[in-house]
$ cat structure_14.txt   # compact mmCIF, C-alpha atoms
# COMPACT_ATOMS: atom_id res chain seq x y z
CA ALA A 1 27.77 -20.79 3.86
CA GLU A 2 24.37 -21.09 2.18
CA TYR A 3 23.49 -17.53 3.30
CA MET A 4 26.74 -16.12 1.91
CA GLY A 5 26.01 -17.85 -1.37
CA ILE A 6 22.69 -16.03 -1.43
CA VAL A 7 24.32 -12.68 -0.78
CA LEU A 8 27.29 -13.08 -3.12
CA GLU A 9 25.79 -15.19 -5.89
CA ARG A 10 22.50 -16.15 -7.39
CA PRO A 11 20.19 -17.66 -4.72
CA SER A 12 19.65 -21.40 -4.93
CA GLU A 13 16.40 -23.04 -6.02
CA ALA A 14 16.04 -24.30 -2.44
CA TYR A 15 16.13 -20.70 -1.20
CA PHE A 16 13.41 -19.63 -3.65
CA ALA A 17 11.29 -22.64 -2.63
CA PHE A 18 11.73 -21.70 1.05
CA VAL A 19 10.76 -18.05 0.45
CA HIS A 20 7.76 -19.05 -1.66
CA GLU A 21 6.52 -21.39 1.08
CA GLN A 22 6.97 -18.71 3.78
CA LEU A 23 4.98 -16.21 1.70
CA ARG A 24 2.23 -18.79 1.12
CA LEU A 25 2.00 -19.45 4.88
CA MET A 26 1.93 -15.72 5.68
CA LEU A 27 -0.83 -15.08 3.16
CA ASN A 28 -2.81 -17.99 4.55
CA ILE A 29 -2.45 -16.83 8.17
CA ASN A 30 -3.40 -13.24 7.35
CA GLN A 31 -6.30 -13.92 5.01
CA ASP A 32 -9.75 -13.12 6.34
CA LYS A 33 -11.81 -15.44 4.16
CA LYS A 34 -15.09 -13.94 5.39
CA PHE A 35 -14.25 -10.55 3.85
CA ASN A 36 -11.77 -11.74 1.19
CA LEU A 37 -9.09 -9.42 2.54
CA PHE A 38 -5.67 -9.73 4.08
CA LYS A 39 -5.58 -8.31 7.59
CA ASP A 40 -3.03 -7.71 10.29
CA LEU A 41 -3.25 -9.57 13.57
CA ASN A 42 -4.10 -7.69 16.76
CA PHE A 43 -1.12 -7.42 19.09
CA GLU A 44 -1.02 -7.22 22.87
CA ASN A 45 2.27 -6.26 24.56
CA GLY A 46 4.19 -6.90 21.35
CA PHE A 47 2.76 -10.38 20.70
CA PRO A 48 -0.21 -11.61 18.63
CA SER A 49 -3.37 -11.73 20.74
CA ALA A 50 -4.05 -15.12 22.30
CA ASP A 51 -7.08 -15.69 20.06
CA PHE A 52 -5.24 -14.54 16.90
CA LYS A 53 -8.01 -12.02 16.27
CA MET A 54 -7.53 -9.93 13.15
CA SER A 55 -7.50 -6.15 13.19
CA ASP A 56 -10.68 -4.41 12.05
CA HIS A 57 -8.71 -1.38 10.82
CA LEU A 58 -8.41 -1.16 7.04
CA GLY A 59 -5.55 0.67 5.39
CA TYR A 60 -2.15 0.26 3.77
CA VAL A 61 -1.42 -2.91 5.74
CA ASN A 62 -4.21 -4.68 3.82
CA LEU A 63 -2.66 -3.75 0.47
CA PHE A 64 0.82 -5.25 0.76
CA PRO A 65 -0.17 -8.39 -1.19
CA ILE A 66 -1.30 -6.09 -4.06
CA MET A 67 1.84 -3.95 -3.79
CA PHE A 68 3.98 -7.04 -4.36
CA ALA A 69 1.56 -8.67 -6.86
CA MET A 70 1.28 -11.72 -4.60
CA ILE A 71 -2.42 -12.51 -5.09
CA PRO A 72 -3.54 -14.50 -8.13
CA PRO A 73 -6.03 -12.33 -10.05
CA THR A 74 -8.59 -15.15 -9.98
CA ALA A 75 -8.54 -15.38 -6.15
CA PRO A 76 -11.51 -13.99 -4.17
CA ALA A 77 -8.96 -12.05 -2.06
CA PHE A 78 -7.86 -10.17 -5.19
CA ARG A 79 -11.39 -8.94 -5.82
CA GLY A 80 -11.88 -8.10 -2.15
CA THR A 81 -8.60 -6.19 -1.92
CA MET A 82 -9.25 -4.28 -5.15
CA GLY A 83 -12.72 -3.39 -3.83
CA LEU A 84 -11.15 -1.97 -0.66
CA LEU A 85 -8.57 -0.07 -2.71
CA THR A 86 -11.03 1.50 -5.17
CA HIS A 87 -14.03 2.30 -2.98
CA PRO A 88 -14.23 6.01 -1.99
CA ASP A 89 -15.78 5.15 1.39
CA PHE A 90 -12.63 3.17 2.21
CA LEU A 91 -9.18 3.92 0.73
CA TRP A 92 -9.68 5.64 -2.63
CA SER A 93 -9.56 9.45 -2.76
CA SER A 94 -9.23 12.02 -5.51
CA PHE A 95 -5.67 12.68 -4.30
CA GLY A 96 -4.27 9.17 -3.76
CA ILE A 97 -4.78 6.10 -1.59
CA ARG A 98 -5.49 6.80 2.08
CA SER A 99 -3.42 5.25 4.86
CA LEU A 100 -6.59 4.40 6.84
CA SER A 101 -10.14 3.84 5.66
CA LEU A 102 -12.44 6.86 5.62
CA SER A 103 -15.01 4.68 7.40
CA ASP A 104 -12.67 3.80 10.29
CA PRO A 105 -13.65 5.39 13.66
CA LEU A 106 -10.00 6.51 14.06
CA PHE A 107 -9.86 8.26 10.67
CA GLY A 108 -8.45 11.77 11.13
CA LYS A 109 -8.48 11.46 14.93
CA GLY A 110 -5.75 12.01 17.52
CA GLU A 111 -2.27 12.54 16.20
CA ASN A 112 -3.64 11.85 12.69
CA TYR A 113 -0.25 10.94 11.24
CA TRP A 114 -1.15 7.51 9.80
CA ARG A 115 -4.90 7.95 10.14
CA GLY A 116 -5.91 8.79 6.60
CA ASN A 117 -3.11 10.83 5.08
CA ILE A 118 -1.68 9.94 1.68
CA TRP A 119 1.93 8.76 1.74
CA MET A 120 3.93 8.72 -1.48
CA PRO A 121 6.09 5.62 -0.76
CA LEU A 122 3.03 3.41 -0.21
CA ASN A 123 1.18 4.89 -3.19
CA TYR A 124 4.29 4.25 -5.30
CA MET A 125 4.29 0.61 -4.19
CA ILE A 126 0.57 0.30 -4.91
CA LEU A 127 1.17 1.66 -8.42
CA ARG A 128 4.04 -0.79 -8.84
CA GLY A 129 1.76 -3.73 -8.05
CA LEU A 130 -1.09 -2.39 -10.19
CA ALA A 131 1.32 -1.94 -13.12
CA ILE A 132 2.17 -5.65 -12.92
CA TYR A 133 -1.49 -6.69 -12.84
CA ALA A 134 -2.41 -4.19 -15.58
CA GLN A 135 -0.19 -6.04 -18.05
CA THR A 136 -2.79 -8.83 -18.23
CA ILE A 137 -5.99 -7.43 -16.68
CA ALA A 138 -7.60 -4.64 -18.70
CA PRO A 139 -9.83 -3.16 -15.92
CA ILE A 140 -6.77 -2.73 -13.67
CA ARG A 141 -5.20 -0.47 -16.31
CA GLY A 142 -7.94 2.09 -15.64
CA VAL A 143 -7.42 1.93 -11.87
CA TYR A 144 -3.64 2.28 -12.34
CA SER A 145 -4.00 5.24 -14.73
CA GLN A 146 -6.50 7.11 -12.53
CA LEU A 147 -4.45 6.65 -9.34
CA ARG A 148 -1.27 7.77 -11.13
CA ARG A 149 -3.07 10.84 -12.49
CA ASN A 150 -4.59 11.69 -9.08
CA LEU A 151 -1.14 11.61 -7.44
CA MET A 152 0.57 13.65 -10.16
CA VAL A 153 -2.15 16.32 -10.23
CA ASN A 154 -2.24 16.60 -6.44
CA VAL A 155 1.51 16.92 -5.95
CA ALA A 156 1.69 19.47 -8.80
CA THR A 157 -1.22 21.47 -7.33
CA ALA A 158 0.36 21.52 -3.86
CA TRP A 159 3.66 22.60 -5.44
CA GLN A 160 1.95 25.42 -7.35
CA ASN A 161 0.09 26.58 -4.23
CA THR A 162 3.00 26.41 -1.77
CA GLY A 163 6.26 25.92 -3.68
CA TYR A 164 6.97 22.74 -1.69
CA PHE A 165 6.81 18.96 -1.74
CA TRP A 166 5.26 17.74 1.50
CA GLU A 167 5.82 14.75 3.76
CA ASN A 168 2.26 13.52 3.16
CA TYR A 169 -1.04 14.84 1.84
CA ASP A 170 -4.51 15.23 3.32
CA SER A 171 -6.91 12.74 1.71
CA ILE A 172 -9.91 15.10 1.96
CA SER A 173 -8.40 18.38 0.71
CA GLY A 174 -5.19 17.19 -0.98
CA GLN A 175 -3.21 19.82 0.93
CA GLY A 176 0.37 19.10 1.96
CA ARG A 177 0.86 18.07 5.58
CA TYR A 178 3.64 17.94 8.15
CA SER A 179 7.20 18.60 6.94
CA ALA A 180 7.99 20.95 4.07
CA PRO A 181 10.10 21.32 2.10
CA PHE A 182 10.24 17.55 1.92
CA CYS A 183 12.10 16.15 -1.05
CA GLY A 184 12.62 12.72 0.55
CA TRP A 185 10.11 10.08 -0.45
CA THR A 186 7.76 12.58 -2.10
CA SER A 187 10.37 12.83 -4.86
CA LEU A 188 9.09 9.38 -5.89
CA ILE A 189 6.60 11.40 -7.93
CA ALA A 190 9.38 11.70 -10.56
CA LEU A 191 9.47 7.89 -10.87
CA ILE A 192 5.65 7.81 -11.03
CA VAL A 193 5.65 10.37 -13.84
CA ASN A 194 8.18 8.21 -15.73
CA GLU A 195 6.40 4.98 -14.78
CA ASP A 196 9.65 3.59 -13.41
CA TYR A 197 8.87 0.82 -10.90
CA ALA A 198 12.06 -1.23 -11.27

$ encode --input "structure_14.txt" --output "structure tokens"
Amino acid sequence: AEYMGIVLERPSEAYFAFVHEQLRLMLNINQDKKFNLFKDLNFENGFPSADFKMSDHLGYVNLFPIMFAMIPPTAPAFRGTMGLLTHPDFLWSSFGIRSLSLSDPLFGKGENYWRGNIWMPLNYMILRGLAIYAQTIAPIRGVYSQLRRNLMVNVATAWQNTGYFWENYDSISGQGRYSAPFCGWTSLIALIVNEDYA
């Protein structure tokens, strides 16, 4: 009955308190205090490793707390996560935010699908979070504006060069990759242009 009330009506205060506590616990479990970052746990056979070791790979998974504006701007993890996001040796590129750090040994290797390419849905969510922080933190406005510009220019350039939207984009050259024409999630560029993150 409580669940149906959540679906059909406004959620109760108890529900919001429960969700808030679950998020707090998740952030605490996944925070690497040594590096001031949020990291994923290593998994073995579908379960967290016995020692709960954190993954050394840096990419989109480390940015979810920023995407959902879950980190207080005064927290060390906010500074650490923004440093990861904006450093060109890690996730920042002239074309958008990379899916895997440029410094990762797996960057661009093997199947190379999630190993560095720029994906519009995740960049959209990053912009969404940055837009929230930019309302009160002046330096974040510059990061938000530059990322938004990089994405718009790159998608427009690829469109001019090929006549297509692409599934994802190479973080070194900006060229479209994999499926084309691809008007699925890459059409999020229209919402980015209009700054519509609702």

$ closest_residue --input "structure_14.txt" --among "A:Ala17, A:Met67, A:Leu58, A:Ile189" --to "Ile126 in chain A" --atoms "all atoms listed in the file"
A:Met67

$ residues_around --input "structure_14.txt" --residues "Gln146 in chain A" --least-positions-apart "4" --cutoff "10 Å" --atoms "only C-alpha atoms" --output "PDB file with C-alpha atoms, in the frame of the given file"
ATOM      1  CA  SER A  94      -9.230  12.020  -5.510  1.00  0.00           C
ATOM      2  CA  PHE A  95      -5.670  12.680  -4.300  1.00  0.00           C
ATOM      3  CA  GLY A  96      -4.270   9.170  -3.760  1.00  0.00           C
ATOM      4  CA  ILE A 140      -6.770  -2.730 -13.670  1.00  0.00           C
ATOM      5  CA  ARG A 141      -5.200  -0.470 -16.310  1.00  0.00           C
ATOM      6  CA  GLY A 142      -7.940   2.090 -15.640  1.00  0.00           C
ATOM      7  CA  ASN A 150      -4.590  11.690  -9.080  1.00  0.00           C
ATOM      8  CA  LEU A 151      -1.140  11.610  -7.440  1.00  0.00           C
ATOM      9  CA  MET A 152       0.570  13.650 -10.160  1.00  0.00           C
TER      10      MET A 152
END

$ closest_atom_pairs --input "structure_14.txt" --of "range 26-111 of chain A" --to "range 170-183 of chain A" --cutoff "12 Å" --atoms "only C-alpha atoms" --output "CSV"
residue,atom,partner,partner_atom,distance
A:Pro88,CA,A:Ser171,CA,10.6
A:Asp89,CA,A:Ile172,CA,11.6
A:Phe90,CA,A:Ser171,CA,11.2
A:Leu91,CA,A:Ser171,CA,9.2
A:Trp92,CA,A:Ser171,CA,8.8
A:Ser93,CA,A:Ser171,CA,6.2
A:Ser94,CA,A:Ser171,CA,7.6
A:Phe95,CA,A:Gly174,CA,5.6
A:Gly96,CA,A:Ser171,CA,7.0
A:Ile97,CA,A:Ser171,CA,7.7
A:Arg98,CA,A:Ser171,CA,6.1
A:Ser99,CA,A:Ser171,CA,8.8
A:Leu100,CA,A:Ser171,CA,9.8
A:Ser101,CA,A:Ser171,CA,10.3
A:Leu102,CA,A:Ser171,CA,9.0
A:Phe107,CA,A:Ser171,CA,10.4
A:Gly108,CA,A:Asp170,CA,9.4
A:Glu111,CA,A:Tyr178,CA,11.4

$ atom_distance --input "structure_14.txt" --atom1 "CA of Pro65 in chain A" --atom2 "CA of Ala190 in chain A"
24.1 Å

$ atom_distance --input "structure_14.txt" --atom1 "CA of Thr157 in chain A" --atom2 "CA of Asn194 in chain A"
18.3 Å

$ atom_distance --input "structure_14.txt" --atom1 "CA of Tyr169 in chain A" --atom2 "CA of Ala156 in chain A"
11.9 Å

$ decode --input "structure_14.txt" --residues "range 159-195 of chain A" --atoms "N, CA, C and O atoms" --output "compact mmCIF listing (two decimals), in the first residue's frame"
# COMPACT_ATOMS: atom_id res chain seq x y z
N TRP A 159 28.48 16.72 -38.11
CA TRP A 159 27.31 16.81 -39.01
C TRP A 159 27.72 17.45 -40.33
O TRP A 159 27.36 16.95 -41.40
N GLN A 160 28.48 18.53 -40.28
CA GLN A 160 28.92 19.20 -41.51
C GLN A 160 29.81 18.30 -42.34
O GLN A 160 29.73 18.29 -43.57
N ASN A 161 30.67 17.53 -41.69
CA ASN A 161 31.61 16.66 -42.41
C ASN A 161 30.97 15.41 -42.98
O ASN A 161 31.43 14.89 -44.00
N THR A 162 29.93 14.88 -42.30
CA THR A 162 29.39 13.58 -42.72
C THR A 162 27.89 13.61 -43.03
O THR A 162 27.40 12.68 -43.66
N GLY A 163 27.18 14.61 -42.54
CA GLY A 163 25.73 14.66 -42.72
C GLY A 163 24.98 13.78 -41.72
O GLY A 163 23.79 13.53 -41.90
N TYR A 164 25.67 13.32 -40.68
CA TYR A 164 25.05 12.40 -39.71
C TYR A 164 25.31 12.83 -38.26
O TYR A 164 26.33 13.43 -37.94
N PHE A 165 24.37 12.42 -37.39
CA PHE A 165 24.63 12.30 -35.95
C PHE A 165 25.20 10.90 -35.76
O PHE A 165 24.82 9.97 -36.48
N TRP A 166 26.06 10.74 -34.78
CA TRP A 166 26.72 9.46 -34.55
C TRP A 166 26.39 8.93 -33.17
O TRP A 166 26.00 9.68 -32.28
N GLU A 167 26.58 7.62 -32.99
CA GLU A 167 26.28 6.98 -31.71
C GLU A 167 27.16 7.53 -30.59
O GLU A 167 26.71 7.77 -29.47
N ASN A 168 28.45 7.72 -30.87
CA ASN A 168 29.37 8.34 -29.93
C ASN A 168 30.48 8.99 -30.75
O ASN A 168 30.50 8.90 -31.97
N TYR A 169 31.40 9.67 -30.03
CA TYR A 169 32.42 10.46 -30.72
C TYR A 169 33.79 10.14 -30.13
O TYR A 169 33.93 9.97 -28.92
N ASP A 170 34.79 10.11 -31.00
CA ASP A 170 36.17 9.85 -30.58
C ASP A 170 36.67 11.03 -29.76
O ASP A 170 36.51 12.18 -30.17
N SER A 171 37.29 10.76 -28.61
CA SER A 171 37.72 11.85 -27.73
C SER A 171 39.05 12.47 -28.14
O SER A 171 39.44 13.50 -27.60
N ILE A 172 39.74 11.86 -29.11
CA ILE A 172 41.00 12.43 -29.60
C ILE A 172 40.76 13.27 -30.85
O ILE A 172 41.26 14.37 -30.97
N SER A 173 39.96 12.75 -31.78
CA SER A 173 39.74 13.45 -33.05
C SER A 173 38.37 14.14 -33.13
O SER A 173 38.18 15.01 -33.98
N GLY A 174 37.43 13.73 -32.29
CA GLY A 174 36.08 14.28 -32.35
C GLY A 174 35.21 13.61 -33.41
O GLY A 174 34.01 13.91 -33.51
N GLN A 175 35.77 12.72 -34.20
CA GLN A 175 35.02 12.09 -35.28
C GLN A 175 33.93 11.18 -34.73
O GLN A 175 34.08 10.55 -33.68
N GLY A 176 32.81 11.10 -35.50
CA GLY A 176 31.72 10.21 -35.14
C GLY A 176 32.17 8.76 -35.20
O GLY A 176 33.01 8.40 -36.04
N ARG A 177 31.59 7.95 -34.31
CA ARG A 177 31.97 6.54 -34.24
C ARG A 177 30.72 5.67 -34.18
O ARG A 177 29.68 6.08 -33.70
N TYR A 178 30.90 4.44 -34.62
CA TYR A 178 29.89 3.39 -34.58
C TYR A 178 28.68 3.77 -35.43
O TYR A 178 28.85 4.18 -36.56
N SER A 179 27.49 3.66 -34.94
CA SER A 179 26.28 3.76 -35.77
C SER A 179 26.03 5.18 -36.28
O SER A 179 26.16 6.15 -35.55
N ALA A 180 25.64 5.24 -37.55
CA ALA A 180 25.19 6.48 -38.17
C ALA A 180 24.30 6.09 -39.34
O ALA A 180 24.57 5.11 -40.02
N PRO A 181 23.23 6.80 -39.64
CA PRO A 181 22.74 7.92 -38.84
C PRO A 181 22.19 7.43 -37.50
O PRO A 181 21.60 6.36 -37.41
N PHE A 182 22.43 8.25 -36.48
CA PHE A 182 22.01 7.88 -35.14
C PHE A 182 21.35 9.09 -34.48
O PHE A 182 22.03 9.96 -33.95
N CYS A 183 20.05 9.11 -34.57
CA CYS A 183 19.31 10.25 -34.00
C CYS A 183 18.71 9.90 -32.65
O CYS A 183 17.86 10.61 -32.14
N GLY A 184 19.16 8.81 -32.04
CA GLY A 184 18.69 8.42 -30.71
C GLY A 184 19.17 9.41 -29.68
O GLY A 184 18.78 10.57 -29.68
N TRP A 185 20.06 8.97 -28.80
CA TRP A 185 20.47 9.84 -27.71
C TRP A 185 21.33 11.01 -28.15
O TRP A 185 21.43 12.00 -27.43
N THR A 186 21.92 10.97 -29.34
CA THR A 186 22.70 12.12 -29.78
C THR A 186 21.80 13.31 -30.05
O THR A 186 22.25 14.46 -30.02
N SER A 187 20.51 13.07 -30.24
CA SER A 187 19.57 14.20 -30.40
C SER A 187 19.44 15.01 -29.11
O SER A 187 18.85 16.10 -29.12
N LEU A 188 20.00 14.52 -28.01
CA LEU A 188 20.05 15.32 -26.78
C LEU A 188 20.79 16.64 -27.00
O LEU A 188 20.64 17.57 -26.21
N ILE A 189 21.54 16.73 -28.08
CA ILE A 189 22.25 17.99 -28.37
C ILE A 189 21.25 19.14 -28.50
O ILE A 189 21.56 20.28 -28.15
N ALA A 190 20.02 18.86 -28.96
CA ALA A 190 19.00 19.91 -29.06
C ALA A 190 18.65 20.44 -27.67
O ALA A 190 18.48 21.66 -27.49
N LEU A 191 18.56 19.56 -26.67
CA LEU A 191 18.28 20.00 -25.31
C LEU A 191 19.48 20.76 -24.74
O LEU A 191 19.31 21.73 -23.98
N ILE A 192 20.68 20.34 -25.10
CA ILE A 192 21.89 21.04 -24.64
C ILE A 192 21.93 22.45 -25.21
O ILE A 192 22.21 23.41 -24.49
N VAL A 193 21.63 22.58 -26.50
CA VAL A 193 21.60 23.90 -27.13
C VAL A 193 20.60 24.81 -26.40
O VAL A 193 20.88 25.98 -26.12
N ASN A 194 19.44 24.27 -26.06
CA ASN A 194 18.40 25.03 -25.36
C ASN A 194 18.57 25.09 -23.86
O ASN A 194 17.75 25.68 -23.17
N GLU A 195 19.61 24.43 -23.35
CA GLU A 195 19.86 24.37 -21.91
C GLU A 195 18.63 23.88 -21.13
O GLU A 195 18.24 24.42 -20.11
